[in-house]
Amino acid sequence: MRKSPRKKRVSKAEWLERALDVLESEGVQGVRVERLARDLGIAKAGFYWHFRDRSDLLQSLLEHWAHEFTAVVTANPDLLEGDPEKRLYEAMRMILEHDLAKYDLAIRDWATRDPAAAKAVRHVTRTRLDFARSILSDLGFRGRQLEMRARLFVGYHTWEHATFRDLSKKERRALLRLRHKLLVSR
């Protein structure tokens, strides 16, 4: 008797990454268990190894987004100490190189209709602002100068991906250097 091949296992992270892609292309209504299982090429039952139900998936998706697209920068030990100009530049570079704002527009759209998503967006926005304020404060900025620069940092990085899709990576890198110079200059 011939053994049947083992079924492919899909990690929780793989479910969440696929859910983010569907969220970006179709909105939260497209994030369905059956759809994700089909896209991942596995039986729907595999979903229940990682999530209780769709609500659990959506909550996990928000937590995943907050961690993988914000905390990887804001809680990065290399970005919490040392020369603030270098830390700011490195944070900006990480956001660009790893496309950390890729799903921001889709999540923010979801947040207009869902209180849990809105709460996650507020938390992420606060975290990003606090991170930027900390570095800019270390550079000596205070009051309105500090707030304006922190908001420019967060606003630009949140919306660049969605607003300026036509820019090449090379152009984005050149603009990043100029933006960094603007943010740190007096």
# chains A, B, ... in the order shown; residues from 1 in each chain; ligands from 1
>>> residues_around(residues="region 161-166 of chain A", least_positions_apart="2", cutoff="10 Å", atoms="only C-alpha atoms", output="ChimeraX atom specification")
/A:96,99-106,156-159,168-169,171-172
>>> write_last_selection(atoms="C-alpha atoms", output="CSV table (one decimal), in the first residue's frame")
chain,number,residue,atom,x,y,z
A,96,LEU,CA,11.3,52.1,2.8
A,99,ASP,CA,7.8,48.4,2.6
A,100,LEU,CA,6.4,48.7,6.1
A,101,ALA,CA,3.6,51.0,5.0
A,102,LYS,CA,2.3,48.6,2.3
A,103,TYR,CA,-0.9,47.7,4.1
A,104,ASP,CA,-1.6,51.0,5.9
A,105,LEU,CA,-4.2,52.2,3.4
A,106,ALA,CA,-6.1,48.9,3.5
A,156,TYR,CA,4.8,60.8,5.0
A,157,HIS,CA,5.7,57.3,5.8
A,158,THR,CA,2.1,56.2,6.3
A,159,TRP,CA,1.0,57.6,3.0
A,168,SER,CA,11.1,54.0,-8.2
A,169,LYS,CA,13.1,52.7,-5.3
A,171,GLU,CA,13.9,58.0,-6.4
A,172,ARG,CA,12.5,57.0,-3.0
>>> residues_around(residues="region 78-91 of chain A", least_positions_apart="5", cutoff="7 Å", atoms="only C-alpha atoms", output="PDB file with C-alpha atoms, in the first residue's frame")
ATOM      1  CA  VAL A  73      11.016  49.618  13.969  1.00  0.00           C
ATOM      2  CA  ILE A 135      14.279  60.632  18.365  1.00  0.00           C
ATOM      3  CA  ASP A 138      16.951  63.668  21.361  1.00  0.00           C
ATOM      4  CA  LEU A 139      17.921  65.984  18.494  1.00  0.00           C
ATOM      5  CA  HIS A 180      16.015  63.221   6.537  1.00  0.00           C
ATOM      6  CA  VAL A 184      17.005  67.135  11.328  1.00  0.00           C
TER       7      VAL A 184
END
>>> atom_distance(atom1="CA of Thr112 (chain A)", atom2="CA of Asp53 (chain A)")
22.3 Å
>>> select_by_dssp(residues="region 1-38 of chain A", states="alpha helix (DSSP H)", output="JSON, numbers by chain")
{"A": [12, 13, 14, 15, 16, 17, 18, 19, 20, 21, 22, 23, 24, 25, 26, 33, 34, 35, 36, 37, 38]}
>>> write_last_selection(atoms="N, CA and C atoms", output="PDB file, in the first residue's frame")
ATOM      1  N   LYS A  12       0.840  30.087  11.032  1.00  0.00           N
ATOM      2  CA  LYS A  12      -0.046  31.205  11.348  1.00  0.00           C
ATOM      3  C   LYS A  12       0.397  32.450  10.584  1.00  0.00           C
ATOM      4  N   ALA A  13       1.696  32.678  10.519  1.00  0.00           N
ATOM      5  CA  ALA A  13       2.221  33.845   9.798  1.00  0.00           C
ATOM      6  C   ALA A  13       1.842  33.800   8.318  1.00  0.00           C
ATOM      7  N   GLU A  14       1.855  32.610   7.726  1.00  0.00           N
ATOM      8  CA  GLU A  14       1.472  32.487   6.318  1.00  0.00           C
ATOM      9  C   GLU A  14      -0.005  32.816   6.113  1.00  0.00           C
ATOM     10  N   TRP A  15      -0.855  32.367   7.027  1.00  0.00           N
ATOM     11  CA  TRP A  15      -2.277  32.723   6.969  1.00  0.00           C
ATOM     12  C   TRP A  15      -2.434  34.242   7.042  1.00  0.00           C
ATOM     13  N   LEU A  16      -1.704  34.861   7.973  1.00  0.00           N
ATOM     14  CA  LEU A  16      -1.826  36.302   8.181  1.00  0.00           C
ATOM     15  C   LEU A  16      -1.277  37.098   6.998  1.00  0.00           C
ATOM     16  N   GLU A  17      -0.172  36.657   6.435  1.00  0.00           N
ATOM     17  CA  GLU A  17       0.386  37.352   5.270  1.00  0.00           C
ATOM     18  C   GLU A  17      -0.572  37.264   4.081  1.00  0.00           C
ATOM     19  N   ARG A  18      -1.165  36.099   3.876  1.00  0.00           N
ATOM     20  CA  ARG A  18      -2.127  35.961   2.785  1.00  0.00           C
ATOM     21  C   ARG A  18      -3.352  36.818   3.057  1.00  0.00           C
ATOM     22  N   ALA A  19      -3.790  36.862   4.308  1.00  0.00           N
ATOM     23  CA  ALA A  19      -4.942  37.697   4.674  1.00  0.00           C
ATOM     24  C   ALA A  19      -4.645  39.174   4.419  1.00  0.00           C
ATOM     25  N   LEU A  20      -3.426  39.613   4.710  1.00  0.00           N
ATOM     26  CA  LEU A  20      -3.053  41.007   4.428  1.00  0.00           C
ATOM     27  C   LEU A  20      -3.109  41.294   2.930  1.00  0.00           C
ATOM     28  N   ASP A  21      -2.620  40.365   2.129  1.00  0.00           N
ATOM     29  CA  ASP A  21      -2.660  40.564   0.676  1.00  0.00           C
ATOM     30  C   ASP A  21      -4.095  40.670   0.171  1.00  0.00           C
ATOM     31  N   VAL A  22      -4.970  39.812   0.692  1.00  0.00           N
ATOM     32  CA  VAL A  22      -6.376  39.873   0.287  1.00  0.00           C
ATOM     33  C   VAL A  22      -7.017  41.161   0.800  1.00  0.00           C
ATOM     34  N   LEU A  23      -6.702  41.537   2.018  1.00  0.00           N
ATOM     35  CA  LEU A  23      -7.214  42.798   2.569  1.00  0.00           C
ATOM     36  C   LEU A  23      -6.829  43.963   1.672  1.00  0.00           C
ATOM     37  N   GLU A  24      -5.590  43.977   1.234  1.00  0.00           N
ATOM     38  CA  GLU A  24      -5.117  45.080   0.390  1.00  0.00           C
ATOM     39  C   GLU A  24      -5.831  45.100  -0.959  1.00  0.00           C
ATOM     40  N   SER A  25      -6.068  43.940  -1.541  1.00  0.00           N
ATOM     41  CA  SER A  25      -6.656  43.913  -2.874  1.00  0.00           C
ATOM     42  C   SER A  25      -8.183  43.964  -2.884  1.00  0.00           C
ATOM     43  N   GLU A  26      -8.824  43.435  -1.834  1.00  0.00           N
ATOM     44  CA  GLU A  26     -10.288  43.315  -1.857  1.00  0.00           C
ATOM     45  C   GLU A  26     -10.998  43.933  -0.663  1.00  0.00           C
ATOM     46  N   VAL A  33     -12.228  32.652   5.357  1.00  0.00           N
ATOM     47  CA  VAL A  33     -11.486  31.428   5.643  1.00  0.00           C
ATOM     48  C   VAL A  33     -11.374  30.554   4.396  1.00  0.00           C
ATOM     49  N   GLU A  34     -12.491  30.324   3.714  1.00  0.00           N
ATOM     50  CA  GLU A  34     -12.487  29.461   2.533  1.00  0.00           C
ATOM     51  C   GLU A  34     -11.549  30.007   1.462  1.00  0.00           C
ATOM     52  N   ARG A  35     -11.617  31.304   1.261  1.00  0.00           N
ATOM     53  CA  ARG A  35     -10.775  31.962   0.244  1.00  0.00           C
ATOM     54  C   ARG A  35      -9.301  31.799   0.583  1.00  0.00           C
ATOM     55  N   LEU A  36      -8.944  32.058   1.820  1.00  0.00           N
ATOM     56  CA  LEU A  36      -7.537  31.955   2.232  1.00  0.00           C
ATOM     57  C   LEU A  36      -7.034  30.527   2.101  1.00  0.00           C
ATOM     58  N   ALA A  37      -7.847  29.557   2.533  1.00  0.00           N
ATOM     59  CA  ALA A  37      -7.455  28.145   2.435  1.00  0.00           C
ATOM     60  C   ALA A  37      -7.222  27.761   0.976  1.00  0.00           C
ATOM     61  N   ARG A  38      -8.112  28.189   0.109  1.00  0.00           N
ATOM     62  CA  ARG A  38      -7.965  27.893  -1.321  1.00  0.00           C
ATOM     63  C   ARG A  38      -6.675  28.526  -1.869  1.00  0.00           C
TER      64      ARG A  38
END
>>> atom_distance(atom1="CA of Lys8 (chain A)", atom2="CA of Gln29 (chain A)")
26.3 Å
>>> closest_residue(among="A:Phe131, A:Phe141, A:Trp49, A:Trp110", to="Val72 (chain A)", atoms="only C-alpha atoms")
A:Phe131
>>> closest_residue(among="A:Gly27, A:Ala150, A:Leu62, A:Ala174", to="Ala118 (chain A)", atoms="only C-alpha atoms")
A:Leu62
>>> residues_around(residues="Gly155 (chain A)", least_positions_apart="6", cutoff="10 Å", atoms="only C-alpha atoms", output="number ranges by chain")
A: 125, 128-129, 149
>>> write_last_selection(atoms="N, CA, C and O atoms", output="short mmCIF file (atom, residue, chain, number, x, y, z; two decimals), in the first residue's frame")
data_model
loop_
_atom_site.label_atom_id
_atom_site.label_comp_id
_atom_site.auth_asym_id
_atom_site.auth_seq_id
_atom_site.Cartn_x
_atom_site.Cartn_y
_atom_site.Cartn_z
N THR A 125 -0.67 54.50 15.32
CA THR A 125 -0.34 55.91 15.05
C THR A 125 0.33 56.55 16.26
O THR A 125 1.35 57.24 16.13
N ARG A 128 3.89 55.15 16.57
CA ARG A 128 4.77 55.75 15.57
C ARG A 128 5.12 57.19 15.94
O ARG A 128 6.28 57.61 15.82
N LEU A 129 4.12 57.95 16.36
CA LEU A 129 4.37 59.34 16.77
C LEU A 129 5.30 59.40 17.98
O LEU A 129 6.24 60.21 18.00
N ARG A 149 7.55 68.00 13.15
CA ARG A 149 8.48 67.05 12.54
C ARG A 149 8.02 65.60 12.76
O ARG A 149 8.12 64.77 11.86
#
>>> atom_distance(atom1="CA of Ala132 (chain A)", atom2="CA of Thr74 (chain A)")
8.7 Å
>>> closest_residue(among="A:Leu176, A:Leu183, A:Ala66, A:Ala75", to="Leu136 (chain A)", atoms="only C-alpha atoms")
A:Leu183
